[in-house]
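This report concerns only the one structure given below.
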Amino acid sequence: MDEVQIKVEKAHPNDFGRGIVRLDPTTLLSLQLSPGDIVEIEGKRKTAAKVWRAERQDWGQGIVRIDGFIRQNAGVGIGERITIRKADVETATKVILAPPEGVTMEFGDHISEIIKRNIMKRPLVEGDVIPIISSMTQPMSSQVGGGQAIPLIAVEVEPADAIVIIGEFTEIELRQKPVRGYDGAARGITYEDIGGLGTEIQRVREMIELPLKHPELFQRLNIEPPKGIILFGPPGTGKTLIAKAVANESRANFLYIAGPEIMGKYYGESEERIRKIFEEAEEEAPSIIFIDEIDSIAPKRQNVTGEVERRVVAQLLTMMDGLEERGQVVVIGATNRVDAIDPALRRPGRFDREIEIGVPDTDDRLEILQIHTRGVPLREDVTPEFLEYLAKHTQAFVGADLLALVQEAAMKSLRRALPDINLEDEEIPQEILDTINVCREDFESALRE
Ligand code: ADP
């Protein structure tokens with residue numbers, strides 16, 4: 001066989017950003033591939049990835065696992081099909097990389113070095129979004145958090161129209177000027193950035209991604225996709241994260257409303273802002289409007305007396321009732337307690353679906369820790385078993401707490417390294433940077449605090 005068509009699933013946390021596709025032995029055999037080979041991946045677009053063997057539980061399932069960047073490059077979503085075939089690969093003579101709009105970057109010498117290390121041996125085609133993962137991403141760009149991937153676009157590749165690999169002698173040019181048309185990439189949050197919450201993501205996808213991508217399905221069956229969904233659960237569990245991921249993966253605009261902030265002081269100001277955001281969402285549809293702490297805008301009426309709240313709720317309801325039935329604008333509200341919001345909001349045609357986003361269990365915590373240590377340089381004593389130990393000993397930690405734990409451990413490693421660093425230096429030499437690693441003791445002492 002020359003090619004297979006196969007269903008896409010999300011990548012494991014550890015595979016994120018590495019440009020790999022996991023194939024099971026049957027697929028490997030039928031395409032006569034071995035791990036390490038490069039394949040062409042075709043959805044609505046063509047891209048390339050390096051082959052790795054699937055984990056045993058995935059064998060015979062008829063799936064491949066690729067991360068959000070490869071999915072974006074291939075123009076497919078989870079659950080859709082791609083075609084895979086063995087690729088002819090050439091070594092690139094030149095590659096020009098530039099950030100997408102919305103990401104500004106400072107390119108220094110060590111940044112170029114990090115980028116080069118990241119993309120060495122990675123297959124790509126012109127127009128691909130390439131994630132750069134590094135603990136150094138924080139100073140590189142203020143728009144993306146540390147440890148997360150910074151997307152760069154391969155704006156020009158020589159030879160063009162080929163699947164290329166970056167080699168020792170490939171000339172790499174970094175351009176500061178952002179490229180248009182990749183606004184989805186700038187947000188960058190994909191389902192791989194979320195630990196646990198598998199069922200919850202599945203439900204959010206059915207309710208939002210499916211209608212946004214395929215309104216015709218819902219028309220055919222004469223069912224109305226939801227206009228509004230409430231995500232509820234404790235703070236820091238990933239409600240905002242899910243909303244951003246689903247927007248990104250459905251290629252929808254993401255419009256954020258911070259509940260407490262929109263309650264302006266002047267007469268009519270809050271209503272005006274809500275109206276503007278809904279108008280923008282409709283003009284630029286498909287869009288997702290995310291209202292954080294929606295209970296602060298629309299609390300249960302018996303708890304409120306405020307005239308402003310009443311008018312704001314009325315405005316929100318008017319805007320939602322006025323949304324077209326096609327489901328191209330979806331409003332996601334987040335709250336800690338679902339019973340804290342005005343019941344008028346929860347009537348049919350408004351926020352009529354609810355999904356609970358709960359506190360992670362041990363397995364979920366492990367996944368979250370893996371996600372947040374992805375871009376962190378770890379010393380060898382931070383083994384996979386040690387991460388399991390951490391997951392077991394962080395009961396009642398939510399995602400945000402685990403992120404804080406990893407960041408605190410990283411700060412401890414920095415404090416340890418500081419005496420060896422000459423802060424007068426213009427730029428800290430790469431050899432010194434290479435010695436900064438986060439060790440087991442950093443995590444343990446962060447945990448004790
Ligand atoms: P919420 O909206 O529920 O208050 P957020 O989505 O804003 O929580 O979470 C804050 C941060 O905590 C996120 O940006 C992410 O870094 C981390 N986080 C929270 N939940 C998770 C999770 N399930 N997986 C990975 N990271 C998480």
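In the structure tokens, chains take the letters A, B, ... in the order shown, each chain's residues start at 1, and ligands count up from 1 in the order shown.
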
Check: Which protein, DNA or RNA residues have an atom within 7 Å of ligand 1, counting only C-alpha atoms and all ligand atoms, as a list in words?
Finding: Asp193, Ile194, Gly195, Gly196, Leu197, Gly233, Pro234, Pro235, Gly236, Thr237, Gly238, Lys239, Thr240, Leu241, Ile242, Ile368, Ile371, Val398, Gly399, Ala400, Asp401 and Leu403 of chain A

Check: If you run DSSP on the backbone, which residues of stretch 316-359 of chain A are strand (DSSP E or B), as number ranges by chain?
Finding: A: 329-335, 341, 351-356

Let's have the selection written as a JSON list (two decimals), in the first residue's frame, with N, CA and C atoms.
```json
[["chain", "number", "residue", "atom", "x", "y", "z"],
["A", 329, "VAL", "N", -21.79, 31.68, 16.52],
["A", 329, "VAL", "CA", -21.26, 32.38, 17.69],
["A", 329, "VAL", "C", -21.72, 31.60, 18.91],
["A", 330, "VAL", "N", -20.79, 31.22, 19.73],
["A", 330, "VAL", "CA", -21.12, 30.48, 20.94],
["A", 330, "VAL", "C", -20.59, 31.24, 22.14],
["A", 331, "VAL", "N", -21.40, 31.30, 23.18],
["A", 331, "VAL", "CA", -20.98, 32.00, 24.39],
["A", 331, "VAL", "C", -20.68, 30.97, 25.47],
["A", 332, "ILE", "N", -19.50, 31.05, 26.03],
["A", 332, "ILE", "CA", -19.15, 30.16, 27.14],
["A", 332, "ILE", "C", -19.05, 31.01, 28.40],
["A", 333, "GLY", "N", -19.81, 30.64, 29.41],
["A", 333, "GLY", "CA", -19.72, 31.35, 30.68],
["A", 333, "GLY", "C", -19.01, 30.46, 31.69],
["A", 334, "ALA", "N", -18.15, 31.06, 32.51],
["A", 334, "ALA", "CA", -17.47, 30.28, 33.53],
["A", 334, "ALA", "C", -17.84, 30.80, 34.91],
["A", 335, "THR", "N", -18.04, 29.89, 35.83],
["A", 335, "THR", "CA", -18.38, 30.28, 37.20],
["A", 335, "THR", "C", -17.93, 29.19, 38.16],
["A", 341, "ILE", "N", -25.74, 31.75, 39.46],
["A", 341, "ILE", "CA", -26.11, 32.67, 38.38],
["A", 341, "ILE", "C", -27.62, 32.75, 38.18],
["A", 351, "PHE", "N", -28.00, 29.87, 28.10],
["A", 351, "PHE", "CA", -26.97, 28.95, 28.58],
["A", 351, "PHE", "C", -27.65, 27.66, 29.02],
["A", 352, "ASP", "N", -27.99, 26.80, 28.04],
["A", 352, "ASP", "CA", -28.81, 25.65, 28.41],
["A", 352, "ASP", "C", -28.01, 24.34, 28.53],
["A", 353, "ARG", "N", -26.69, 24.43, 28.48],
["A", 353, "ARG", "CA", -25.88, 23.22, 28.76],
["A", 353, "ARG", "C", -24.87, 23.59, 29.84],
["A", 354, "GLU", "N", -24.57, 22.59, 30.66],
["A", 354, "GLU", "CA", -23.60, 22.82, 31.73],
["A", 354, "GLU", "C", -22.59, 21.69, 31.76],
["A", 355, "ILE", "N", -21.36, 22.05, 31.97],
["A", 355, "ILE", "CA", -20.34, 21.01, 32.11],
["A", 355, "ILE", "C", -19.53, 21.32, 33.36],
["A", 356, "GLU", "N", -19.40, 20.32, 34.20],
["A", 356, "GLU", "CA", -18.62, 20.53, 35.41],
["A", 356, "GLU", "C", -17.14, 20.28, 35.14]]
```

Any chance you could tabulate, as a tab-separated table, the residues of stretch 379-409 of chain A at most 12 Å from stretch 416-437 of chain A with each one's nearest atom pair and distance in Å to one decimal, using only C-alpha atoms, in chain and rising number order?
```
residue	atom	partner	partner_atom	distance
A:Arg379	CA	A:Asn437	CA	5.5
A:Glu380	CA	A:Asn437	CA	9.3
A:Asp381	CA	A:Asn437	CA	10.5
A:Val382	CA	A:Asn437	CA	10.0
A:Ala409	CA	A:Asn437	CA	10.1
```

Name all residues at most 12 Å from A:Ile172 (count only C-alpha atoms; drop same-chain ones fewer than 2 positions away) and give them as an mmCIF file with C-alpha atoms, in the first residue's frame.
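Output contents, as saved in result34.cif:
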```cif
data_model
loop_
_atom_site.group_PDB
_atom_site.id
_atom_site.type_symbol
_atom_site.label_atom_id
_atom_site.label_comp_id
_atom_site.auth_asym_id
_atom_site.auth_seq_id
_atom_site.Cartn_x
_atom_site.Cartn_y
_atom_site.Cartn_z
ATOM 1 C CA ALA A 92 16.666 22.470 3.141
ATOM 2 C CA THR A 93 19.196 24.956 1.879
ATOM 3 C CA LYS A 94 17.369 27.828 3.480
ATOM 4 C CA VAL A 95 14.423 28.409 5.815
ATOM 5 C CA ILE A 96 12.954 31.774 6.791
ATOM 6 C CA LEU A 97 11.003 31.832 10.034
ATOM 7 C CA ALA A 98 8.737 34.593 11.335
ATOM 8 C CA SER A 112 18.524 31.720 17.553
ATOM 9 C CA GLU A 113 20.443 28.886 19.151
ATOM 10 C CA ILE A 115 15.311 27.829 17.758
ATOM 11 C CA LYS A 116 17.938 25.975 15.798
ATOM 12 C CA ARG A 117 18.121 23.194 18.366
ATOM 13 C CA ILE A 119 13.952 22.499 14.628
ATOM 14 C CA MET A 120 17.040 20.417 13.851
ATOM 15 C CA ALA A 154 8.158 28.758 7.994
ATOM 16 C CA VAL A 155 7.409 31.584 5.573
ATOM 17 C CA GLU A 156 9.939 30.519 2.996
ATOM 18 C CA VAL A 157 11.557 27.173 2.394
ATOM 19 C CA GLU A 158 14.139 26.270 -0.217
ATOM 20 C CA ILE A 165 14.518 18.613 6.903
ATOM 21 C CA ILE A 166 16.782 21.101 8.635
ATOM 22 C CA GLY A 167 20.385 20.022 8.512
ATOM 23 C CA GLU A 168 23.738 21.214 9.801
ATOM 24 C CA PHE A 169 24.231 23.519 6.824
ATOM 25 C CA THR A 170 20.724 24.840 6.427
ATOM 26 C CA LEU A 174 14.695 34.794 11.567
ATOM 27 C CA ARG A 175 12.395 37.633 10.671
#
```

Next item on the list: Tell me, in Å to one decimal, how far atom CA of A:Gly43 is from atom CA of A:Val8.
Entry: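 That distance, rounded to one decimal, is 10.2 Å.
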
Note to self: Can you pull out every residue from stretch 209-422 of chain A that DSSP, working from the backbone, puts in alpha helix (DSSP H), and format the result as an MDAnalysis selection string?
What the structure shows: chainID A and resid 210:213 215:221 239:249 259:262 269:283 294:297 307:322 362:373 384:392 399:417

Would you output that residue set with C-alpha atoms, as a short mmCIF file (atom, residue, chain, number, x, y, z; two decimals), in the first residue's frame?
```
data_model
loop_
_atom_site.label_atom_id
_atom_site.label_comp_id
_atom_site.auth_asym_id
_atom_site.auth_seq_id
_atom_site.Cartn_x
_atom_site.Cartn_y
_atom_site.Cartn_z
CA LEU A 210 -18.82 20.21 15.70
CA PRO A 211 -21.52 22.87 15.10
CA LEU A 212 -18.89 25.52 14.32
CA LYS A 213 -17.17 23.32 11.78
CA PRO A 215 -23.36 23.50 10.74
CA GLU A 216 -24.82 21.43 7.87
CA LEU A 217 -24.96 18.36 10.11
CA PHE A 218 -27.19 20.15 12.56
CA GLN A 219 -29.34 21.61 9.80
CA ARG A 220 -29.85 18.20 8.30
CA LEU A 221 -31.02 16.75 11.60
CA LYS A 239 -12.13 26.41 32.32
CA THR A 240 -10.46 29.26 30.45
CA LEU A 241 -7.93 26.84 29.03
CA ILE A 242 -10.64 24.58 27.52
CA ALA A 243 -12.44 27.57 26.03
CA LYS A 244 -9.24 28.82 24.40
CA ALA A 245 -8.34 25.36 23.13
CA VAL A 246 -11.74 24.76 21.58
CA ALA A 247 -11.64 28.20 19.91
CA ASN A 248 -8.17 27.53 18.57
CA GLU A 249 -8.95 24.04 17.36
CA GLY A 259 -17.03 39.53 34.39
CA PRO A 260 -16.03 41.87 37.20
CA GLU A 261 -14.19 44.23 34.88
CA ILE A 262 -17.01 44.82 32.47
CA GLU A 269 -21.07 51.62 29.67
CA SER A 270 -21.26 47.91 30.47
CA GLU A 271 -24.18 47.30 28.11
CA GLU A 272 -22.36 49.13 25.35
CA ARG A 273 -19.28 46.95 25.81
CA ILE A 274 -21.31 43.76 25.71
CA ARG A 275 -23.07 44.92 22.55
CA LYS A 276 -19.75 45.75 20.88
CA ILE A 277 -18.26 42.36 21.69
CA PHE A 278 -21.28 40.49 20.34
CA GLU A 279 -21.21 42.58 17.16
CA GLU A 280 -17.54 41.88 16.68
CA ALA A 281 -18.17 38.17 17.27
CA GLU A 282 -20.88 38.08 14.62
CA GLU A 283 -18.87 40.05 12.09
CA ILE A 294 -20.27 35.26 34.74
CA ASP A 295 -21.87 35.21 38.20
CA SER A 296 -20.47 38.68 38.80
CA ILE A 297 -22.43 40.04 35.83
CA GLU A 307 -29.64 48.53 38.80
CA VAL A 308 -26.48 48.02 36.71
CA GLU A 309 -26.60 44.24 37.08
CA ARG A 310 -30.22 44.17 36.01
CA ARG A 311 -29.51 46.16 32.88
CA VAL A 312 -26.42 44.14 32.04
CA VAL A 313 -28.27 40.84 32.36
CA ALA A 314 -31.05 42.23 30.15
CA GLN A 315 -28.49 43.28 27.56
CA LEU A 316 -26.72 39.93 27.62
CA LEU A 317 -30.01 38.11 27.14
CA THR A 318 -31.04 40.40 24.30
CA MET A 319 -27.75 39.81 22.54
CA MET A 320 -27.98 36.05 23.01
CA ASP A 321 -31.60 35.88 21.88
CA GLY A 322 -30.58 37.87 18.82
CA THR A 362 -3.82 11.60 40.60
CA ASP A 363 -3.61 10.56 36.93
CA ASP A 364 -4.82 13.96 35.80
CA ARG A 365 -2.29 15.68 38.04
CA LEU A 366 0.48 13.62 36.50
CA GLU A 367 -0.60 14.72 33.04
CA ILE A 368 -0.77 18.35 34.14
CA LEU A 369 2.71 18.10 35.67
CA GLN A 370 4.02 16.55 32.44
CA ILE A 371 2.50 19.42 30.48
CA HIS A 372 3.99 22.12 32.65
CA THR A 373 7.44 20.56 32.84
CA PRO A 384 9.05 9.97 35.34
CA GLU A 385 8.66 8.10 38.65
CA PHE A 386 9.40 11.25 40.57
CA LEU A 387 6.66 13.08 38.68
CA GLU A 388 4.32 10.24 39.67
CA TYR A 389 5.39 10.73 43.26
CA LEU A 390 4.63 14.44 42.97
CA ALA A 391 1.22 13.69 41.48
CA LYS A 392 0.44 11.42 44.43
CA GLY A 399 -4.03 22.85 37.50
CA ALA A 400 -3.14 26.40 38.46
CA ASP A 401 -1.53 25.15 41.71
CA LEU A 402 0.54 22.58 39.82
CA LEU A 403 1.69 25.26 37.41
CA ALA A 404 2.67 27.43 40.40
CA LEU A 405 4.57 24.47 41.91
CA VAL A 406 6.61 23.96 38.73
CA GLN A 407 7.33 27.68 38.49
CA GLU A 408 8.40 27.85 42.12
CA ALA A 409 10.74 24.89 41.62
CA ALA A 410 12.21 26.65 38.58
CA MET A 411 12.75 29.81 40.64
CA LYS A 412 14.60 27.75 43.23
CA SER A 413 16.94 26.40 40.59
CA LEU A 414 17.53 29.93 39.43
CA ARG A 415 18.40 31.09 42.95
CA ARG A 416 20.82 28.19 43.19
CA ALA A 417 22.47 29.20 39.93
#
```

Checklist line | Shell around A:Met207 at 10 Å using only C-alpha atoms, local window under 2 positions removed, as JSON, numbers by chain | finding: {"A": [201, 202, 203, 204, 205, 209, 210, 211, 212, 225, 226, 227, 228, 229, 327, 330, 353]}

Next, dump the selected residues to file, keeping only N, CA and C atoms, as a PDB file, in the first residue's frame.
```pdb
ATOM      1  N   ILE A 201     -13.630  17.551  27.720  1.00  0.00           N
ATOM      2  CA  ILE A 201     -13.216  18.096  26.420  1.00  0.00           C
ATOM      3  C   ILE A 201     -14.077  17.504  25.312  1.00  0.00           C
ATOM      4  N   GLN A 202     -14.313  16.193  25.418  1.00  0.00           N
ATOM      5  CA  GLN A 202     -15.150  15.513  24.434  1.00  0.00           C
ATOM      6  C   GLN A 202     -16.522  16.189  24.318  1.00  0.00           C
ATOM      7  N   ARG A 203     -17.113  16.480  25.460  1.00  0.00           N
ATOM      8  CA  ARG A 203     -18.452  17.103  25.453  1.00  0.00           C
ATOM      9  C   ARG A 203     -18.398  18.522  24.899  1.00  0.00           C
ATOM     10  N   VAL A 204     -17.388  19.279  25.310  1.00  0.00           N
ATOM     11  CA  VAL A 204     -17.258  20.648  24.797  1.00  0.00           C
ATOM     12  C   VAL A 204     -17.086  20.617  23.283  1.00  0.00           C
ATOM     13  N   ARG A 205     -16.316  19.648  22.807  1.00  0.00           N
ATOM     14  CA  ARG A 205     -16.093  19.566  21.366  1.00  0.00           C
ATOM     15  C   ARG A 205     -17.381  19.267  20.620  1.00  0.00           C
ATOM     16  N   GLU A 209     -17.309  22.591  18.849  1.00  0.00           N
ATOM     17  CA  GLU A 209     -16.473  22.445  17.659  1.00  0.00           C
ATOM     18  C   GLU A 209     -17.266  21.879  16.478  1.00  0.00           C
ATOM     19  N   LEU A 210     -18.064  20.856  16.771  1.00  0.00           N
ATOM     20  CA  LEU A 210     -18.822  20.210  15.699  1.00  0.00           C
ATOM     21  C   LEU A 210     -19.783  21.190  15.008  1.00  0.00           C
ATOM     22  N   PRO A 211     -20.643  21.899  15.770  1.00  0.00           N
ATOM     23  CA  PRO A 211     -21.521  22.872  15.099  1.00  0.00           C
ATOM     24  C   PRO A 211     -20.770  24.004  14.403  1.00  0.00           C
ATOM     25  N   LEU A 212     -19.628  24.427  14.962  1.00  0.00           N
ATOM     26  CA  LEU A 212     -18.888  25.520  14.317  1.00  0.00           C
ATOM     27  C   LEU A 212     -18.300  25.057  12.999  1.00  0.00           C
ATOM     28  N   PRO A 225     -27.779  23.712  17.590  1.00  0.00           N
ATOM     29  CA  PRO A 225     -26.603  23.679  18.451  1.00  0.00           C
ATOM     30  C   PRO A 225     -26.756  24.715  19.556  1.00  0.00           C
ATOM     31  N   PRO A 226     -26.105  24.493  20.693  1.00  0.00           N
ATOM     32  CA  PRO A 226     -26.276  25.431  21.799  1.00  0.00           C
ATOM     33  C   PRO A 226     -25.672  26.799  21.492  1.00  0.00           C
ATOM     34  N   LYS A 227     -26.341  27.842  22.004  1.00  0.00           N
ATOM     35  CA  LYS A 227     -25.762  29.192  21.893  1.00  0.00           C
ATOM     36  C   LYS A 227     -24.877  29.477  23.092  1.00  0.00           C
ATOM     37  N   GLY A 228     -25.232  28.853  24.206  1.00  0.00           N
ATOM     38  CA  GLY A 228     -24.484  29.157  25.427  1.00  0.00           C
ATOM     39  C   GLY A 228     -24.226  27.917  26.254  1.00  0.00           C
ATOM     40  N   ILE A 229     -23.053  27.899  26.862  1.00  0.00           N
ATOM     41  CA  ILE A 229     -22.652  26.774  27.703  1.00  0.00           C
ATOM     42  C   ILE A 229     -22.050  27.335  28.979  1.00  0.00           C
ATOM     43  N   GLY A 327     -25.482  28.823  14.989  1.00  0.00           N
ATOM     44  CA  GLY A 327     -24.454  28.361  15.910  1.00  0.00           C
ATOM     45  C   GLY A 327     -23.050  28.805  15.575  1.00  0.00           C
ATOM     46  N   VAL A 330     -20.786  31.221  19.734  1.00  0.00           N
ATOM     47  CA  VAL A 330     -21.123  30.477  20.943  1.00  0.00           C
ATOM     48  C   VAL A 330     -20.591  31.237  22.142  1.00  0.00           C
ATOM     49  N   ARG A 353     -26.686  24.426  28.485  1.00  0.00           N
ATOM     50  CA  ARG A 353     -25.878  23.219  28.762  1.00  0.00           C
ATOM     51  C   ARG A 353     -24.865  23.585  29.844  1.00  0.00           C
TER      52      ARG A 353
END
```

Next item on the list: Just the residues within 10 Å of A:Arg81, please, counting only C-alpha atoms, with nothing from its chain fewer than 4 positions along; format it as a list in words.
Entry: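 My reading of the contact set: Val4, Gln5, Ile6, Lys7, Val8, Glu9, Glu42, Gly43, Lys44, Ile63, Val64, Val76 and Gly77 of chain A.
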
Would you save the residues from that selection as a compact mmCIF listing (two decimals), in the first residue's frame, using C-alpha atoms?
```
# COMPACT_ATOMS: atom_id res chain seq x y z
CA VAL A 4 -3.58 4.90 4.37
CA GLN A 5 -6.47 6.96 5.59
CA ILE A 6 -6.67 7.05 9.30
CA LYS A 7 -8.42 8.85 12.15
CA VAL A 8 -6.68 11.57 14.14
CA GLU A 9 -6.43 11.57 17.93
CA GLU A 42 -2.52 15.25 4.17
CA GLY A 43 -5.77 16.74 5.39
CA LYS A 44 -6.99 19.98 3.91
CA ILE A 63 -5.88 5.93 14.92
CA VAL A 64 -2.80 8.10 14.73
CA VAL A 76 -7.58 18.60 10.43
CA GLY A 77 -9.24 18.32 13.78
```

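The gap separating atom CA of A:Asn118 from atom CA of A:Gly36 is 16.6 Å, in Å to one decimal.
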
Item checked: Coordinates-based distance that separates atom CA of A:Pro343 from atom CA of A:Lys300 (Å, one decimal) ->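 So the two atoms, atom CA of A:Lys300 and atom CA of A:Pro343, lie 6.7 Å apart.
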